[in-house]
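Novice: Just so it is clear, I am handing over model-v6.txt, which has compact mmCIF, C-alpha atoms.
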```
# COMPACT_ATOMS: atom_id res chain seq x y z
CA SER A 1 1.25 5.18 5.32
CA LEU A 2 2.79 1.72 4.89
CA ALA A 3 -0.33 -0.14 5.98
CA GLY A 4 -2.22 -2.46 3.66
CA GLY A 5 -1.56 -5.57 1.71
CA LEU A 6 -1.64 -9.21 2.66
CA PRO A 7 1.88 -10.60 3.15
CA HIS A 8 2.60 -14.29 2.69
CA LEU A 9 2.48 -16.15 5.97
CA ASN A 10 5.41 -18.13 7.34
CA ALA A 11 5.50 -20.33 10.44
CA GLU A 12 9.02 -19.18 11.36
CA LEU A 13 10.70 -15.90 12.25
CA ASN A 14 11.42 -13.86 9.12
CA THR A 15 12.89 -10.40 8.67
CA THR A 16 12.54 -8.22 5.55
CA LEU A 17 14.40 -4.97 4.82
CA GLU A 18 13.19 -2.79 1.97
CA LEU A 19 14.47 0.38 0.27
CA GLY A 20 12.58 2.28 -2.41
CA TRP A 21 12.05 5.42 -4.45
CA ASP A 22 8.75 6.80 -5.80
CA SER A 23 8.29 9.70 -8.25
CA ARG A 24 5.41 11.01 -6.07
CA TYR A 25 3.96 10.32 -2.63
CA VAL A 26 0.41 9.38 -3.63
CA ALA A 27 -2.15 8.36 -1.00
CA GLU A 28 -5.90 8.04 -1.57
CA GLY A 29 -5.46 9.47 -5.07
CA ARG A 30 -3.78 12.64 -3.79
CA ASP A 31 -0.22 13.91 -4.10
CA ASP A 32 0.78 14.25 -0.44
CA GLY A 33 4.38 15.04 -1.35
CA TYR A 34 3.61 18.28 -3.24
CA GLY A 35 4.93 16.87 -6.51
CA ASP A 36 8.32 15.85 -5.11
CA PRO A 37 9.77 12.31 -5.22
CA ILE A 38 10.18 10.34 -2.01
CA GLN A 39 12.54 7.74 -0.61
CA HIS A 40 11.28 5.12 1.81
CA ALA A 41 12.74 2.36 3.95
CA SER A 42 11.12 -0.29 6.13
CA ALA A 43 11.94 -3.26 8.31
CA SER A 44 9.41 -5.96 9.15
CA ILE A 45 9.53 -9.01 11.38
CA THR A 46 7.02 -11.81 10.86
CA PHE A 47 6.42 -14.69 13.23
CA ASP A 48 3.62 -17.08 12.39
CA GLN A 49 0.59 -14.78 11.89
CA ILE A 50 1.98 -11.63 13.54
CA GLU A 51 3.91 -8.94 11.70
CA ALA A 52 5.59 -5.83 13.16
CA THR A 53 6.76 -3.06 10.83
CA LEU A 54 8.87 0.08 11.22
CA GLY A 55 9.13 2.48 8.29
CA VAL A 56 10.24 5.97 7.29
CA ILE A 57 9.25 8.08 4.27
CA GLU A 58 11.28 11.14 3.29
CA GLY A 59 10.75 13.88 0.72
CA GLU A 60 11.99 17.42 0.20
CA ASP A 61 9.51 18.83 2.75
CA LEU A 62 8.32 15.60 4.36
CA ARG A 63 9.43 13.08 6.94
CA GLU A 64 6.98 10.43 8.10
CA TYR A 65 7.50 7.57 10.53
CA ASP A 66 5.21 4.51 10.62
CA VAL A 67 5.03 1.81 13.29
CA GLY A 68 2.57 -1.00 12.65
CA LEU A 69 1.38 -4.29 14.07
CA ALA A 70 -0.78 -6.73 12.10
CA TYR A 71 -2.42 -10.11 12.57
CA ASN A 72 -2.75 -12.16 9.38
CA ILE A 73 -5.26 -14.90 8.64
CA GLU A 74 -4.85 -17.37 5.79
CA THR A 75 -7.50 -19.98 4.93
CA ASP A 76 -8.45 -22.03 1.89
CA ALA A 77 -11.34 -19.61 1.25
CA PHE A 78 -9.76 -16.19 1.88
CA ASP A 79 -6.85 -14.18 3.27
CA ALA A 80 -7.38 -11.41 5.81
CA VAL A 81 -5.44 -8.95 7.95
CA VAL A 82 -6.31 -6.68 10.89
CA GLY A 83 -3.97 -4.26 12.61
CA ALA A 84 -3.05 -0.80 13.83
CA GLU A 85 -0.46 1.76 12.77
CA LEU A 86 0.99 4.82 14.46
CA ILE A 87 1.86 7.56 11.96
CA ALA A 88 4.07 10.52 12.91
CA VAL A 89 4.49 13.43 10.50
CA GLU A 90 6.33 16.13 12.45
CA SER A 91 5.65 16.48 16.17
CA ASP A 92 2.09 17.83 15.97
CA LYS A 93 0.63 15.52 13.33
CA ASN A 94 0.57 12.09 14.94
CA ASP A 95 -2.27 9.75 14.11
CA LEU A 96 -3.36 6.26 15.10
CA GLU A 97 -5.03 4.23 12.39
CA TYR A 98 -6.77 0.86 12.43
CA PHE A 99 -6.92 -1.22 9.26
CA ALA A 100 -8.49 -4.42 8.00
CA GLY A 101 -8.48 -6.22 4.69
CA ILE A 102 -9.83 -9.35 3.09
CA SER A 103 -9.09 -10.97 -0.28
CA ARG A 104 -10.24 -14.02 -2.19
CA ASP A 105 -8.80 -15.82 -5.21
CA LEU A 106 -11.42 -16.41 -7.89
CA SER A 107 -9.94 -18.57 -10.64
CA GLY A 108 -6.70 -16.59 -10.67
CA PHE A 109 -8.27 -13.18 -10.14
CA VAL A 110 -7.81 -11.75 -6.64
CA VAL A 111 -10.66 -9.58 -5.30
CA GLY A 112 -9.77 -7.47 -2.27
CA LEU A 113 -11.46 -5.04 0.10
CA ASP A 114 -9.31 -2.88 2.39
CA THR A 115 -10.46 -0.38 5.00
CA VAL A 116 -8.52 2.07 7.17
CA TYR A 117 -9.93 4.21 9.99
CA SER A 118 -8.20 7.35 11.29
CA ARG A 119 -8.73 8.48 14.89
CA ASN A 120 -7.70 12.04 14.05
CA ALA A 121 -10.07 12.36 11.13
CA ASP A 122 -12.75 10.14 12.72
CA GLY A 123 -13.36 8.74 9.27
CA ALA A 124 -12.66 5.72 7.09
CA PHE A 125 -11.38 5.00 3.61
CA CYS A 126 -12.31 1.85 1.66
CA THR A 127 -10.67 0.38 -1.44
CA LEU A 128 -12.11 -2.35 -3.65
CA SER A 129 -9.47 -3.94 -5.89
CA PHE A 130 -9.05 -6.59 -8.59
CA SER A 131 -5.68 -8.04 -9.61
CA ARG A 132 -4.09 -10.98 -11.36
CA SER A 133 -0.51 -12.23 -11.27
CA PHE A 134 1.41 -13.60 -14.27
CA VAL A 135 4.71 -15.43 -13.71
CA PHE A 136 7.57 -16.13 -16.12
CA PHE A 137 11.05 -17.67 -16.15
CA ASP A 138 10.39 -20.37 -13.56
CA ASP A 139 8.52 -17.94 -11.29
CA GLN A 140 11.43 -15.48 -11.15
CA LEU A 141 9.51 -12.68 -12.89
CA SER A 142 6.04 -11.69 -11.74
CA LEU A 143 3.75 -9.11 -13.38
CA GLU A 144 0.62 -8.09 -11.49
CA PRO A 145 -1.79 -5.61 -13.11
CA HIS A 146 -4.57 -4.22 -10.93
CA ILE A 147 -7.52 -1.85 -10.85
CA ALA A 148 -8.94 -0.26 -7.71
CA GLN A 149 -11.85 1.96 -6.69
CA GLY A 150 -11.51 4.17 -3.60
CA PHE A 151 -14.30 5.52 -1.41
CA ASP A 152 -13.89 8.27 1.20
CA PHE A 153 -16.06 8.33 4.33
CA GLY A 154 -14.69 11.30 6.27
CA TYR A 155 -11.08 10.11 6.07
CA ARG A 156 -9.79 12.85 3.74
CA THR A 157 -12.71 15.29 3.64
CA ASP A 158 -15.33 16.00 6.31
CA ASP A 159 -18.27 17.11 4.18
CA TYR A 160 -18.37 14.43 1.48
CA ASP A 161 -18.82 10.67 1.45
CA GLY A 162 -18.50 8.64 -1.70
CA ALA A 163 -16.37 7.99 -4.78
CA ASN A 164 -12.80 9.26 -4.39
CA HIS A 165 -10.65 7.90 -7.25
CA PHE A 166 -10.20 5.07 -9.71
CA GLU A 167 -6.74 3.60 -10.19
CA ALA A 168 -5.02 1.23 -12.59
CA GLY A 169 -1.45 0.01 -12.40
CA ILE A 170 1.07 -2.75 -12.73
CA HIS A 171 3.60 -4.16 -10.26
CA CYS A 172 6.68 -6.04 -11.47
CA THR A 173 8.83 -8.26 -9.24
CA TRP A 174 12.10 -9.97 -10.15
CA GLN A 175 13.15 -12.61 -7.59
CA PHE A 176 16.94 -12.86 -8.07
CA THR A 177 17.43 -15.26 -5.14
CA GLU A 178 15.33 -16.50 -2.25
CA GLN A 179 16.63 -13.57 -0.22
CA PHE A 180 16.92 -10.73 -2.79
CA GLN A 181 14.13 -9.10 -4.79
CA LEU A 182 13.87 -6.13 -7.17
CA HIS A 183 10.48 -4.55 -7.78
CA ALA A 184 8.98 -1.68 -9.77
CA HIS A 185 5.51 -0.25 -10.30
CA PHE A 186 3.58 2.26 -12.39
CA ASN A 187 0.12 3.63 -11.57
CA TYR A 188 -2.43 6.08 -12.92
CA SER A 189 -5.24 7.56 -10.83
CA TRP A 190 -8.37 9.25 -12.16
CA ALA A 191 -9.79 11.84 -9.76
CA GLN A 192 -13.47 11.45 -8.88
CA SER A 193 -16.01 13.59 -7.03
CA ASP A 194 -14.22 13.80 -3.67
CA ILE A 195 -10.89 14.91 -5.18
CA ARG A 196 -12.49 17.14 -7.84
CA ARG A 197 -14.24 19.12 -5.08
CA GLU A 198 -10.76 19.95 -3.74
CA GLU A 199 -9.62 20.95 -7.26
CA GLY A 200 -7.47 17.83 -7.41
CA LYS A 201 -6.46 16.15 -10.66
CA ASP A 202 -5.51 12.87 -12.27
CA LEU A 203 -2.06 11.56 -11.31
CA SER A 204 0.56 9.22 -12.69
CA TRP A 205 3.56 7.92 -10.76
CA GLY A 206 6.01 5.07 -10.53
CA GLY A 207 8.70 3.66 -8.33
CA ILE A 208 11.44 1.09 -7.83
CA GLY A 209 12.73 -0.78 -4.82
CA ILE A 210 14.79 -3.65 -3.47
CA ALA A 211 14.03 -6.08 -0.66
CA PHE A 212 16.21 -8.43 1.40
CA SER A 213 14.70 -11.31 3.40
CA PHE A 214 16.42 -13.51 5.95
```
Any chance you could give the structure as structure tokens?

Specialist:
Amino acid sequence: SLAGGLPHLNAELNTTLELGWDSRYVAEGRDDGYGDPIQHASASITFDQIEATLGVIEGEDLREYDVGLAYNIETDAFDAVVGAELIAVESDKNDLEYFAGISRDLSGFVVGLDTVYSRNADGAFCTLSFSRSFVFFDDQLSLEPHIAQGFDFGYRTDDYDGANHFEAGIHCTWQFTEQFQLHAHFNYSWAQSDIRREEGKDLSWGGIGIAFSF
């Protein structure tokens, strides 16, 4: 899924194209790509507070299409987003998800809470996160470490509600020009009760990508 996150708001029409590669397809602390790397591409159009996104994720035995629409809110006190996303993985595995998120800057530390609800699973997944951004070289280089705690409420498993995984990672962005950006990330996830019950394990993965904005 490409849902989540709180993009910067602009009062004009903006288009962003992104291409990327990840060593694993990790979602909710699980390897949904069966250990194989994935390639992904997306296009998003933002006008004022509305963002439309079209994306594709491909692996050796995986092809997923995502179509999303989000409404973003930015205030002096907090940022928030609400939206919906249609996910198609093969012809018989379509799902419609609704998502919402809110974040607040506390003296440089950003605290966020994101929730996604799946109609197919009739369950939700919540993530509480903490991050901080450090900038260098006249704001060209940005390093953003984060930690996150995930909770499953019928989204991935039917018979368990509670702690799912704990994650730590770092995201690096190099802004070459106003239009061109290179980014990379590395993450490690510790499996908790929900994943352990499925005989899941801890995971590490990373990725790189480029983005063009115009």

Novice: Pick out the residues sitting within 7 Å of Gly59 (chain A), and hand them over as number ranges by chain; count all atoms listed in the file, and ignore anything fewer than 2 positions along from it in its own chain.

Specialist: A: 33, 36-39, 57, 61-63

Novice: Ranking A:Thr127, A:Phe176, A:Glu198, A:Ser193 by minimum distance to Glu28 (chain A) and counting all atoms listed in the file, which one comes first?

Specialist: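 When distances to Glu28 (chain A) are compared using all atoms listed in the file, the smallest one comes from A:Thr127.
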
Novice: Can you pull out every residue within 7 Å of region 68-72 of chain A, counting all atoms listed in the file, but drop anything in the same chain fewer than 5 positions away, and send it as a PyMOL selection string?

Specialist: chain A and resi 49-54+80-86

Novice: Which is closest to Asp95 (chain A) among A:Asp66, A:Asp194, A:Glu58, A:Asp138, if we use only C-alpha atoms?

Specialist: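 Looking at the shortest contact to Asp95 (chain A), the residue is A:Asp66.
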
Novice: Give one line per residue of region 39-133 of chain A that approaches region 144-168 of chain A to at most 9 Å, naming the two atoms of the closest pair and their distance in Å to one decimal, counting all atoms listed in the file; sort by chain then ascending residue number and deliver it as a tab-separated table.

Specialist:
```
residue	atom	partner	partner_atom	distance
A:Val116	CA	A:Tyr155	CA	8.5
A:Tyr117	CA	A:Tyr155	CA	7.2
A:Ser118	CA	A:Tyr155	CA	6.6
A:Asn120	CA	A:Tyr155	CA	8.9
A:Ala121	CA	A:Tyr155	CA	5.6
A:Asp122	CA	A:Gly154	CA	6.8
A:Gly123	CA	A:Tyr155	CA	4.2
A:Ala124	CA	A:Tyr155	CA	4.8
A:Phe125	CA	A:Asp152	CA	4.8
A:Cys126	CA	A:Phe151	CA	5.2
A:Thr127	CA	A:Gly150	CA	4.4
A:Leu128	CA	A:Gln149	CA	5.3
A:Ser129	CA	A:Ala148	CA	4.1
A:Phe130	CA	A:Ile147	CA	5.5
A:Ser131	CA	A:His146	CA	4.2
A:Arg132	CA	A:Glu144	CA	5.5
A:Ser133	CA	A:Glu144	CA	4.3
```

Novice: His171 (chain A): which residues within 10 Å, counting all atoms listed in the file, same-chain residues fewer than 2 positions away excluded, as a ChimeraX atom specification?

Specialist: /A:133,142-146,169,173,183-187,206-208

Novice: Could you work out how far CA of Asp105 (chain A) lies from CA of Ala77 (chain A), giving the answer in Å with one decimal?

Specialist: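 Spanning CA of Ala77 (chain A) to CA of Asp105 (chain A) is a straight-line distance of 7.9 Å.
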
Novice: Pick from A:Ser204, A:Ser44, A:Gln192, A:Gln181: nearest to Asn14 (chain A), with all atoms listed in the file counted?

Specialist: A:Ser44

Novice: Just how far from CA of Trp205 (chain A) is CA of Asp22 (chain A), in Å to one decimal?

Specialist: 7.3 Å

Novice: Looking at only C-alpha atoms, which of A:Asn94, A:Leu113, A:Trp21, A:Gly101 is the one that sits closest to Ile73 (chain A)?

Specialist: A:Gly101

Novice: Quote the spacing between CA of Asp139 (chain A) and CA of Asp114 (chain A) in Å to one decimal place.

Specialist: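 About the pair CA of Asp139 (chain A) and CA of Asp114 (chain A): they are 27.1 Å apart.
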
Novice: Which of these, A:Thr46, A:Ser213, A:Leu17, A:Glu12, has the shortest distance to Gln175 (chain A) once you count all atoms listed in the file?

Specialist: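 Between A:Thr46, A:Ser213, A:Leu17, A:Glu12, the residue approaching Gln175 (chain A) most closely is A:Ser213.
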
Novice: For Phe212 (chain A), please output as a ChimeraX atom specification all residues within 10 Å (counting only C-alpha atoms; exclusion window: fewer than 6 positions along the same chain).

Specialist: /A:15-19,43,177-182

Novice: Using only C-alpha atoms, which of A:Asp79, A:Glu199, A:Glu64, A:Glu90 sits nearest Ser42 (chain A)?

Specialist: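 Closest to Ser42 (chain A) of all the choices is A:Glu64.
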